[in-house]
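Notes follow the structure.
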Amino acid sequence: MTEKILARASGRDFVRPGDDIEARPDFVISYDFPGYTDVFFREAREEFGVDKVDRPERFVLFIDHMVPAAAPKEEELHRITRDWGAKQGVPVHERKGIGHQVSAELGYAVPGAFVVHFDGHVSQLGAFGTYAFGARKGVLEAYVSPTLAMTVPPTVKIVVTGTLQPGVMARDVFHHLVRVMGPSSCAFKAVELAGPVIEAMSIEGRQTICGQAMFLGANTMLIAPDQRTLDYVRGRAKLDLVPVHPDADAVYERVVTVDVSDLQPIVVVPPSPANTRDLTEHLGVEVHTGYLGSCASGRLEDLRAAAAVLRGRQVKPGFQLHVVPTSQAIMAQAAREGLIETLVEAGAFVSSPTCDYCYGRIATMADGQRAVSTGTLNTPGRMGSVDSEIYICNAAVVAASAIEGRIADPRPYLASAEVA
Amino acid sequence: MGLPNLRGRVAWVFDEDDYDIDLIIGVRNIKITDVKELAALAMSDREPGFAATVQRGDLLVGGRNFGYGHPHYPAMRAMRHLGIAGVVAESFSPGFFRGEISMGFPLVTCPGILAAVQRGDTIEVDWAAGCVRHLGRGSSLPILPLAAAERQTLEAGGLIPYLKQRLGRREGAPS
C-alpha cells in the first residue's frame, strides 16, 4: 500500500523500499505553534523567496493549541496564522477541534493520498488508508517546493487476531502492541495494520491506534480502506483518488501476528510510553486528576464508555475530571446523545476541544500530583510539575478512577451499567 | 566532500533505553528560547555543574531508541551551545533523528557503543571508514550508514542550506 501511494505521489510506475524519491504531498497540514509555523512562514519568504506556496488548495492550517489564548503573544501567533492563510488562500480552521481529527471530518483523509505535517500524530489519517507522515522540521520543504525528498520505507504488517474482551478498547490494543513488539520495533518503517480485530473495529478506534504509530517508532501506520472507510469519506473527500489496497502478493519486511483474546485493560506507567502494564497490577494507586481527551482518545466511543461508567454516579469529591471531546462535531453529537449531561451531572468538567490539556498548558499539575490520562504521552512534567506523574489508560479507566480517586477497574461499573 | 570526523570526550552516557531528551532541560523549560539560559539548565536535574564540565567537541553517548517521546528542539540547542558536537547511540527514535539531522547536528548509530565507552573516554567518529574508534583502547565499532539525503543535509550544515542547494540545482539544471 505504502509503495503504491508513494509511487503515484512521485509520478513513478512503482517504487521499492530504499528508493530515494521526490513525492508531491496531496495535502500539507499544520497547526500553529511557536517555532514551527511562524518560522516556516518566515523562512519560506526570507530564505527561499517563496511568497506564495505551490497550489495553496493543498494546504490547511489548524488553530487547536493555545485555544483559547491565555496571553497576548499566543493570540498574536494565531493572528500571524490567520493573516498568512488569508494572503495565501489557505484555509485556517479555528476552534473546530484537534486538527488531526478535524482533518478527517473535513475530507483530508483520502484513501490513497499522501499527506505531510510536522507532527507525527497525523499518522491517524492512516485509519482511512492515507499515508500521513510527520516530517518535523522537514515539512518546510513542502512550503518551498512542490515535492518532498524522502526514502521509501519498508513495511511491517501487523495482523491483530482474536476477540476483544469487554472493557478493552482500541487504546489498550495499541499499547499492547508496544508491549509485545517493543517501542522501537518499527523504527523508520511504515506499518500496515490488518486482521479481524481491525476489520471489526470502528473508524474511531482505528484513528486511535494509527495516531500513536510513533511510539512503535513507525513513520506512519495505515489500514486498507474497507466499506466502513468508504462510507465515512463519501461526500467528504477533498480529492478523487482510487483507493489503494495491498496486493495479494505484497512483500513485507516482516509480518507480526498479535492475538488480543487474552488482553486486559492496560495502564502505561511513567516515565515513558514504552511502559505498558496490566491495569490490574496498578489498581489502587492514588490519583488526583483525570484527563479524557486528546487526538488519541476523546471521541464518541470514549465519551460513551466514560458515560456508561459514570451514569448515576459521582466523581470523588476533590478529584478533577477533565473531559475534552476531540472535535466540535463530536461534542455536538455527544450532546445529542445525552453524554455531556451524564458526564456533567457526575461532576466532570467538560471543555470545548483544545490540545491544551495534553501538554499541561491548562489543568496543570503541582508537585506530587498524579493523573490518569488518555493523552498521548506520560513523560514527567508533560502535564505540569516535573514531580507529577501520568498514567495513560483508556477512557473507561479514567472514568472509574475518577469515581474512586485511585486507579480503578471500569469493568464492574460497565457490567452493572449493562444490567441496568 | 565528506563529513569531517568527530573527535571528542564522552561528556555523558545516557544508558537508559527510550530516553526522552526533553528531560535534559526539563519539560517545564521547553518553551525557553534563550540558548544561554537553556545551556545553563542542561542536565541540571541530574548533575548541577554539568555545563562547566563540557569542552568544545565533546560527544554524548545514548542507549537504544534515544530521543523517544515528543522530542523538542531546546535540549540539543542547549547541548550544541555548550560545545557538544554530536550524539553516538545504540539507536535513535526516528522523530528525534529526523529533527536533529535537519538542524545539521550529527547523530551516529553505533550498536554496541554503550558497553564500549565510559564517560570521559575519548572517541572518534570516522564517517569514511564507517566506525567509531575508542582512542584509549584502540578498539572500534562499525556505525550504520546515513541515507544519502541525511548525509547531504549534514554536509550542507542543516536543512535550509541543503534545500537551497538542492532546489537551486534543480532550477539551474538544463531542462
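A note on labels: chains of the C-alpha cells are A, B, ... as shown, every chain counts residues from 1, and ligands are counted from 1 in their shown order.
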
Within 8 Å of chain B, which residues of chain A show up when using only C-alpha atoms, listed as an mmCIF file with N, CA and C atoms, in the first residue's frame?
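Here's the written file iface_36.cif:
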```
data_model
loop_
_atom_site.group_PDB
_atom_site.id
_atom_site.type_symbol
_atom_site.label_atom_id
_atom_site.label_comp_id
_atom_site.auth_asym_id
_atom_site.auth_seq_id
_atom_site.Cartn_x
_atom_site.Cartn_y
_atom_site.Cartn_z
ATOM 1 N N GLU A 47 14.334 33.031 3.394
ATOM 2 C CA GLU A 47 15.452 32.175 2.983
ATOM 3 C C GLU A 47 15.270 31.662 1.554
ATOM 4 N N PHE A 48 14.032 31.491 1.137
ATOM 5 C CA PHE A 48 13.794 30.864 -0.161
ATOM 6 C C PHE A 48 13.068 31.774 -1.151
ATOM 7 N N GLY A 120 3.928 14.083 14.103
ATOM 8 C CA GLY A 120 3.772 12.683 13.742
ATOM 9 C C GLY A 120 2.404 12.093 14.038
ATOM 10 N N ALA A 135 6.980 14.950 9.356
ATOM 11 C CA ALA A 135 8.365 15.146 8.917
ATOM 12 C C ALA A 135 9.138 16.077 9.842
ATOM 13 N N ARG A 136 8.505 16.528 10.927
ATOM 14 C CA ARG A 136 9.105 17.538 11.811
ATOM 15 C C ARG A 136 9.553 18.741 10.977
ATOM 16 N N LYS A 137 10.750 19.255 11.266
ATOM 17 C CA LYS A 137 11.225 20.451 10.553
ATOM 18 C C LYS A 137 11.229 20.261 9.033
ATOM 19 N N GLY A 138 11.363 18.997 8.620
ATOM 20 C CA GLY A 138 11.441 18.684 7.200
ATOM 21 C C GLY A 138 10.218 19.094 6.405
ATOM 22 N N GLU A 141 10.197 21.817 3.585
ATOM 23 C CA GLU A 141 10.410 21.571 2.155
ATOM 24 C C GLU A 141 9.105 21.685 1.374
ATOM 25 N N SER A 145 8.737 23.998 -1.923
ATOM 26 C CA SER A 145 8.933 23.186 -3.121
ATOM 27 C C SER A 145 7.671 22.352 -3.334
ATOM 28 N N ALA A 149 11.606 15.378 -0.659
ATOM 29 C CA ALA A 149 12.515 14.249 -0.868
ATOM 30 C C ALA A 149 12.371 13.275 0.288
ATOM 31 N N MET A 150 12.276 12.005 -0.014
ATOM 32 C CA MET A 150 12.152 11.009 1.048
ATOM 33 C C MET A 150 12.623 9.653 0.543
ATOM 34 N N PRO A 183 9.127 -0.626 21.756
ATOM 35 C CA PRO A 183 8.891 0.773 21.385
ATOM 36 C C PRO A 183 9.693 1.251 20.171
ATOM 37 N N SER A 184 10.678 0.491 19.739
ATOM 38 C CA SER A 184 11.394 0.890 18.518
ATOM 39 C C SER A 184 11.331 -0.215 17.469
ATOM 40 N N ALA A 187 10.946 1.066 13.872
ATOM 41 C CA ALA A 187 11.659 2.316 13.599
ATOM 42 C C ALA A 187 11.930 2.486 12.114
ATOM 43 N N PHE A 188 11.551 3.648 11.612
ATOM 44 C CA PHE A 188 11.742 4.045 10.211
ATOM 45 C C PHE A 188 10.945 3.173 9.231
ATOM 46 N N MET A 214 4.002 6.546 16.179
ATOM 47 C CA MET A 214 5.359 6.976 16.523
ATOM 48 C C MET A 214 5.901 6.241 17.749
ATOM 49 N N PHE A 215 5.013 5.758 18.608
ATOM 50 C CA PHE A 215 5.506 5.096 19.813
ATOM 51 C C PHE A 215 5.899 3.637 19.572
ATOM 52 N N GLY A 217 7.886 3.577 16.910
ATOM 53 C CA GLY A 217 8.990 4.036 16.076
ATOM 54 C C GLY A 217 8.616 4.246 14.625
ATOM 55 N N ALA A 218 7.365 3.956 14.269
ATOM 56 C CA ALA A 218 6.987 3.917 12.854
ATOM 57 C C ALA A 218 6.870 5.314 12.240
ATOM 58 N N ASN A 219 7.172 5.393 10.934
ATOM 59 C CA ASN A 219 6.937 6.619 10.179
ATOM 60 C C ASN A 219 5.456 6.929 10.132
ATOM 61 N N SER A 272 7.518 6.708 30.594
ATOM 62 C CA SER A 272 7.647 6.657 29.136
ATOM 63 C C SER A 272 6.516 5.840 28.536
ATOM 64 N N PRO A 273 6.117 6.149 27.299
ATOM 65 C CA PRO A 273 5.090 5.341 26.633
ATOM 66 C C PRO A 273 5.567 3.930 26.300
ATOM 67 N N ALA A 274 6.798 3.607 26.667
ATOM 68 C CA ALA A 274 7.278 2.238 26.455
ATOM 69 C C ALA A 274 6.802 1.287 27.547
ATOM 70 N N LEU A 377 1.053 11.172 25.987
ATOM 71 C CA LEU A 377 2.418 10.957 26.466
ATOM 72 C C LEU A 377 2.463 11.090 27.982
ATOM 73 N N THR A 379 5.559 11.496 29.831
ATOM 74 C CA THR A 379 6.868 11.980 30.280
ATOM 75 C C THR A 379 6.693 12.849 31.526
ATOM 76 N N PRO A 380 7.568 12.695 32.525
ATOM 77 C CA PRO A 380 7.439 13.551 33.718
ATOM 78 C C PRO A 380 7.470 15.033 33.336
ATOM 79 N N GLY A 381 6.496 15.767 33.827
ATOM 80 C CA GLY A 381 6.429 17.187 33.521
ATOM 81 C C GLY A 381 5.529 17.512 32.345
ATOM 82 N N ARG A 382 5.079 16.507 31.639
ATOM 83 C CA ARG A 382 4.252 16.734 30.456
ATOM 84 C C ARG A 382 2.949 17.474 30.813
ATOM 85 N N GLY A 384 2.482 19.274 33.739
ATOM 86 C CA GLY A 384 2.711 20.159 34.874
ATOM 87 C C GLY A 384 4.068 19.920 35.496
ATOM 88 N N SER A 385 4.097 19.931 36.821
ATOM 89 C CA SER A 385 5.359 19.797 37.543
ATOM 90 C C SER A 385 6.115 18.545 37.114
ATOM 91 N N VAL A 386 7.434 18.669 37.101
ATOM 92 C CA VAL A 386 8.268 17.510 36.761
ATOM 93 C C VAL A 386 8.118 16.422 37.821
#
```

Region 30-45 of chain A: which residues within 8 Å, counting only C-alpha atoms, same-chain residues fewer than 6 positions away excluded, as a PDB file with N, CA and C atoms, in the first residue's frame?
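That gives us out.pdb:
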```pdb
ATOM      1  N   ASP A  51       6.961  33.596  -1.901  1.00  0.00           N
ATOM      2  CA  ASP A  51       5.883  34.435  -1.387  1.00  0.00           C
ATOM      3  C   ASP A  51       4.550  33.705  -1.389  1.00  0.00           C
ATOM      4  N   VAL A  60      -3.553  23.282   4.511  1.00  0.00           N
ATOM      5  CA  VAL A  60      -4.590  23.607   5.500  1.00  0.00           C
ATOM      6  C   VAL A  60      -3.901  23.841   6.842  1.00  0.00           C
ATOM      7  N   LEU A  61      -4.450  24.803   7.579  1.00  0.00           N
ATOM      8  CA  LEU A  61      -3.908  25.150   8.899  1.00  0.00           C
ATOM      9  C   LEU A  61      -4.995  24.991   9.950  1.00  0.00           C
ATOM     10  N   PHE A  62      -4.578  24.537  11.113  1.00  0.00           N
ATOM     11  CA  PHE A  62      -5.497  24.439  12.240  1.00  0.00           C
ATOM     12  C   PHE A  62      -4.986  25.285  13.395  1.00  0.00           C
ATOM     13  N   ILE A  63      -5.910  25.883  14.094  1.00  0.00           N
ATOM     14  CA  ILE A  63      -5.581  26.554  15.352  1.00  0.00           C
ATOM     15  C   ILE A  63      -6.265  25.725  16.431  1.00  0.00           C
ATOM     16  N   ASP A  64      -5.456  24.895  17.092  1.00  0.00           N
ATOM     17  CA  ASP A  64      -6.013  23.971  18.094  1.00  0.00           C
ATOM     18  C   ASP A  64      -5.199  23.951  19.381  1.00  0.00           C
ATOM     19  N   HIS A  65      -3.967  24.460  19.321  1.00  0.00           N
ATOM     20  CA  HIS A  65      -3.171  24.641  20.536  1.00  0.00           C
ATOM     21  C   HIS A  65      -3.348  26.098  20.987  1.00  0.00           C
ATOM     22  N   LEU A  77       0.316  35.002  17.769  1.00  0.00           N
ATOM     23  CA  LEU A  77       0.695  33.869  16.916  1.00  0.00           C
ATOM     24  C   LEU A  77      -0.492  33.450  16.046  1.00  0.00           C
ATOM     25  N   HIS A  78      -1.668  33.375  16.659  1.00  0.00           N
ATOM     26  CA  HIS A  78      -2.859  32.987  15.891  1.00  0.00           C
ATOM     27  C   HIS A  78      -3.149  34.025  14.800  1.00  0.00           C
ATOM     28  N   ILE A  80      -0.949  35.873  13.230  1.00  0.00           N
ATOM     29  CA  ILE A  80       0.024  35.635  12.150  1.00  0.00           C
ATOM     30  C   ILE A  80      -0.481  34.503  11.256  1.00  0.00           C
ATOM     31  N   THR A  81      -1.012  33.462  11.885  1.00  0.00           N
ATOM     32  CA  THR A  81      -1.506  32.298  11.137  1.00  0.00           C
ATOM     33  C   THR A  81      -2.703  32.685  10.259  1.00  0.00           C
ATOM     34  N   TRP A  84      -1.513  34.887   7.372  1.00  0.00           N
ATOM     35  CA  TRP A  84      -0.790  34.117   6.349  1.00  0.00           C
ATOM     36  C   TRP A  84      -1.771  33.312   5.510  1.00  0.00           C
ATOM     37  N   GLY A  99      -6.802  19.243  15.181  1.00  0.00           N
ATOM     38  CA  GLY A  99      -6.646  19.192  13.726  1.00  0.00           C
ATOM     39  C   GLY A  99      -6.576  17.797  13.140  1.00  0.00           C
ATOM     40  N   HIS A 117       2.854  16.611   7.533  1.00  0.00           N
ATOM     41  CA  HIS A 117       2.620  17.519   8.659  1.00  0.00           C
ATOM     42  C   HIS A 117       3.963  17.597   9.350  1.00  0.00           C
ATOM     43  N   PHE A 118       4.138  18.501  10.296  1.00  0.00           N
ATOM     44  CA  PHE A 118       5.360  18.390  11.100  1.00  0.00           C
ATOM     45  C   PHE A 118       5.154  17.439  12.277  1.00  0.00           C
ATOM     46  N   ASP A 119       3.896  17.268  12.696  1.00  0.00           N
ATOM     47  CA  ASP A 119       3.578  16.468  13.884  1.00  0.00           C
ATOM     48  C   ASP A 119       3.245  15.020  13.484  1.00  0.00           C
ATOM     49  N   LYS A 137      10.750  19.255  11.266  1.00  0.00           N
ATOM     50  CA  LYS A 137      11.225  20.451  10.553  1.00  0.00           C
ATOM     51  C   LYS A 137      11.229  20.261   9.033  1.00  0.00           C
ATOM     52  N   LEU A 140       9.152  21.860   6.139  1.00  0.00           N
ATOM     53  CA  LEU A 140       9.495  23.140   5.492  1.00  0.00           C
ATOM     54  C   LEU A 140       9.654  22.962   3.990  1.00  0.00           C
ATOM     55  N   TYR A 143       6.729  23.621   2.045  1.00  0.00           N
ATOM     56  CA  TYR A 143       6.340  25.031   1.954  1.00  0.00           C
ATOM     57  C   TYR A 143       7.120  25.772   0.858  1.00  0.00           C
ATOM     58  N   VAL A 144       8.258  25.207   0.448  1.00  0.00           N
ATOM     59  CA  VAL A 144       9.098  25.935  -0.508  1.00  0.00           C
ATOM     60  C   VAL A 144       9.282  25.191  -1.820  1.00  0.00           C
TER      61      VAL A 144
END
```

Query raised in the report: Could you pull out the helix (DSSP H, G or I) residues of region 193-261 of chain A from DSSP and send them as a ChimeraX atom specification?
Result: /A:196-199,203-210,213-216,227-233

**Report entry** Residue with smallest distance to Ala346 (chain A) - pool A:Arg12, A:His176, A:His93, A:His322, counting only C-alpha atoms
**Finding:**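 The closest residue to Ala346 (chain A) is A:His322.
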
Requested in this report: Assign secondary structure with DSSP using the backbone only, and return the residues of region 38-135 of chain B in strand (DSSP E) as a list in words.
Outcome: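 The residues of region 38-135 of chain B classed as strand (DSSP E) are Leu59, Leu60, Val61, Gly62, Gly86, Val87, Val88, Ala89, Leu107, Val108, Thr109, Thr122, Ile123, Glu124, Val125, Asp126, Cys131, Val132, Arg133 and His134 of chain B.
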
Using the selection just defined, write its residues with N, CA and C atoms as a PDB file, in the first residue's frame.
```
ATOM      1  N   LEU B  59      31.222  14.711  22.950  1.00  0.00           N
ATOM      2  CA  LEU B  59      30.107  13.960  22.370  1.00  0.00           C
ATOM      3  C   LEU B  59      29.233  13.388  23.486  1.00  0.00           C
ATOM      4  N   LEU B  60      27.994  13.106  23.143  1.00  0.00           N
ATOM      5  CA  LEU B  60      27.099  12.389  24.058  1.00  0.00           C
ATOM      6  C   LEU B  60      26.959  10.953  23.562  1.00  0.00           C
ATOM      7  N   VAL B  61      26.746  10.038  24.497  1.00  0.00           N
ATOM      8  CA  VAL B  61      26.505   8.648  24.121  1.00  0.00           C
ATOM      9  C   VAL B  61      25.142   8.241  24.672  1.00  0.00           C
ATOM     10  N   GLY B  62      24.348   7.578  23.846  1.00  0.00           N
ATOM     11  CA  GLY B  62      22.995   7.199  24.248  1.00  0.00           C
ATOM     12  C   GLY B  62      22.724   5.723  24.043  1.00  0.00           C
ATOM     13  N   GLY B  86      27.942  16.135  18.752  1.00  0.00           N
ATOM     14  CA  GLY B  86      27.119  15.090  18.164  1.00  0.00           C
ATOM     15  C   GLY B  86      26.734  14.059  19.211  1.00  0.00           C
ATOM     16  N   VAL B  87      25.886  13.115  18.796  1.00  0.00           N
ATOM     17  CA  VAL B  87      25.458  12.039  19.686  1.00  0.00           C
ATOM     18  C   VAL B  87      25.744  10.709  19.002  1.00  0.00           C
ATOM     19  N   VAL B  88      26.332   9.792  19.757  1.00  0.00           N
ATOM     20  CA  VAL B  88      26.539   8.424  19.280  1.00  0.00           C
ATOM     21  C   VAL B  88      25.649   7.540  20.143  1.00  0.00           C
ATOM     22  N   ALA B  89      24.730   6.791  19.526  1.00  0.00           N
ATOM     23  CA  ALA B  89      23.798   5.988  20.327  1.00  0.00           C
ATOM     24  C   ALA B  89      23.633   4.596  19.734  1.00  0.00           C
ATOM     25  N   LEU B 107      24.264  12.746  14.199  1.00  0.00           N
ATOM     26  CA  LEU B 107      23.803  11.630  15.031  1.00  0.00           C
ATOM     27  C   LEU B 107      24.382  10.356  14.418  1.00  0.00           C
ATOM     28  N   VAL B 108      24.963   9.541  15.263  1.00  0.00           N
ATOM     29  CA  VAL B 108      25.696   8.368  14.792  1.00  0.00           C
ATOM     30  C   VAL B 108      25.101   7.126  15.428  1.00  0.00           C
ATOM     31  N   THR B 109      24.598   6.218  14.602  1.00  0.00           N
ATOM     32  CA  THR B 109      24.024   4.978  15.122  1.00  0.00           C
ATOM     33  C   THR B 109      25.121   3.923  15.200  1.00  0.00           C
ATOM     34  N   THR B 122      37.833   9.202  25.264  1.00  0.00           N
ATOM     35  CA  THR B 122      37.887   9.953  24.008  1.00  0.00           C
ATOM     36  C   THR B 122      37.604   8.998  22.851  1.00  0.00           C
ATOM     37  N   ILE B 123      36.676   9.403  21.999  1.00  0.00           N
ATOM     38  CA  ILE B 123      36.301   8.560  20.858  1.00  0.00           C
ATOM     39  C   ILE B 123      36.369   9.395  19.582  1.00  0.00           C
ATOM     40  N   GLU B 124      36.409   8.695  18.480  1.00  0.00           N
ATOM     41  CA  GLU B 124      36.432   9.368  17.179  1.00  0.00           C
ATOM     42  C   GLU B 124      35.438   8.688  16.243  1.00  0.00           C
ATOM     43  N   VAL B 125      34.590   9.504  15.638  1.00  0.00           N
ATOM     44  CA  VAL B 125      33.667   9.001  14.618  1.00  0.00           C
ATOM     45  C   VAL B 125      34.327   9.220  13.267  1.00  0.00           C
ATOM     46  N   ASP B 126      34.581   8.131  12.561  1.00  0.00           N
ATOM     47  CA  ASP B 126      35.198   8.213  11.233  1.00  0.00           C
ATOM     48  C   ASP B 126      34.133   7.818  10.207  1.00  0.00           C
ATOM     49  N   CYS B 131      33.157   3.836  11.180  1.00  0.00           N
ATOM     50  CA  CYS B 131      33.359   3.267  12.511  1.00  0.00           C
ATOM     51  C   CYS B 131      33.516   4.352  13.574  1.00  0.00           C
ATOM     52  N   VAL B 132      33.353   3.923  14.813  1.00  0.00           N
ATOM     53  CA  VAL B 132      33.690   4.743  15.974  1.00  0.00           C
ATOM     54  C   VAL B 132      34.907   4.098  16.626  1.00  0.00           C
ATOM     55  N   ARG B 133      35.964   4.875  16.835  1.00  0.00           N
ATOM     56  CA  ARG B 133      37.177   4.342  17.478  1.00  0.00           C
ATOM     57  C   ARG B 133      37.250   4.805  18.921  1.00  0.00           C
ATOM     58  N   HIS B 134      37.670   3.889  19.777  1.00  0.00           N
ATOM     59  CA  HIS B 134      37.985   4.244  21.160  1.00  0.00           C
ATOM     60  C   HIS B 134      39.475   4.537  21.188  1.00  0.00           C
TER      61      HIS B 134
END
```
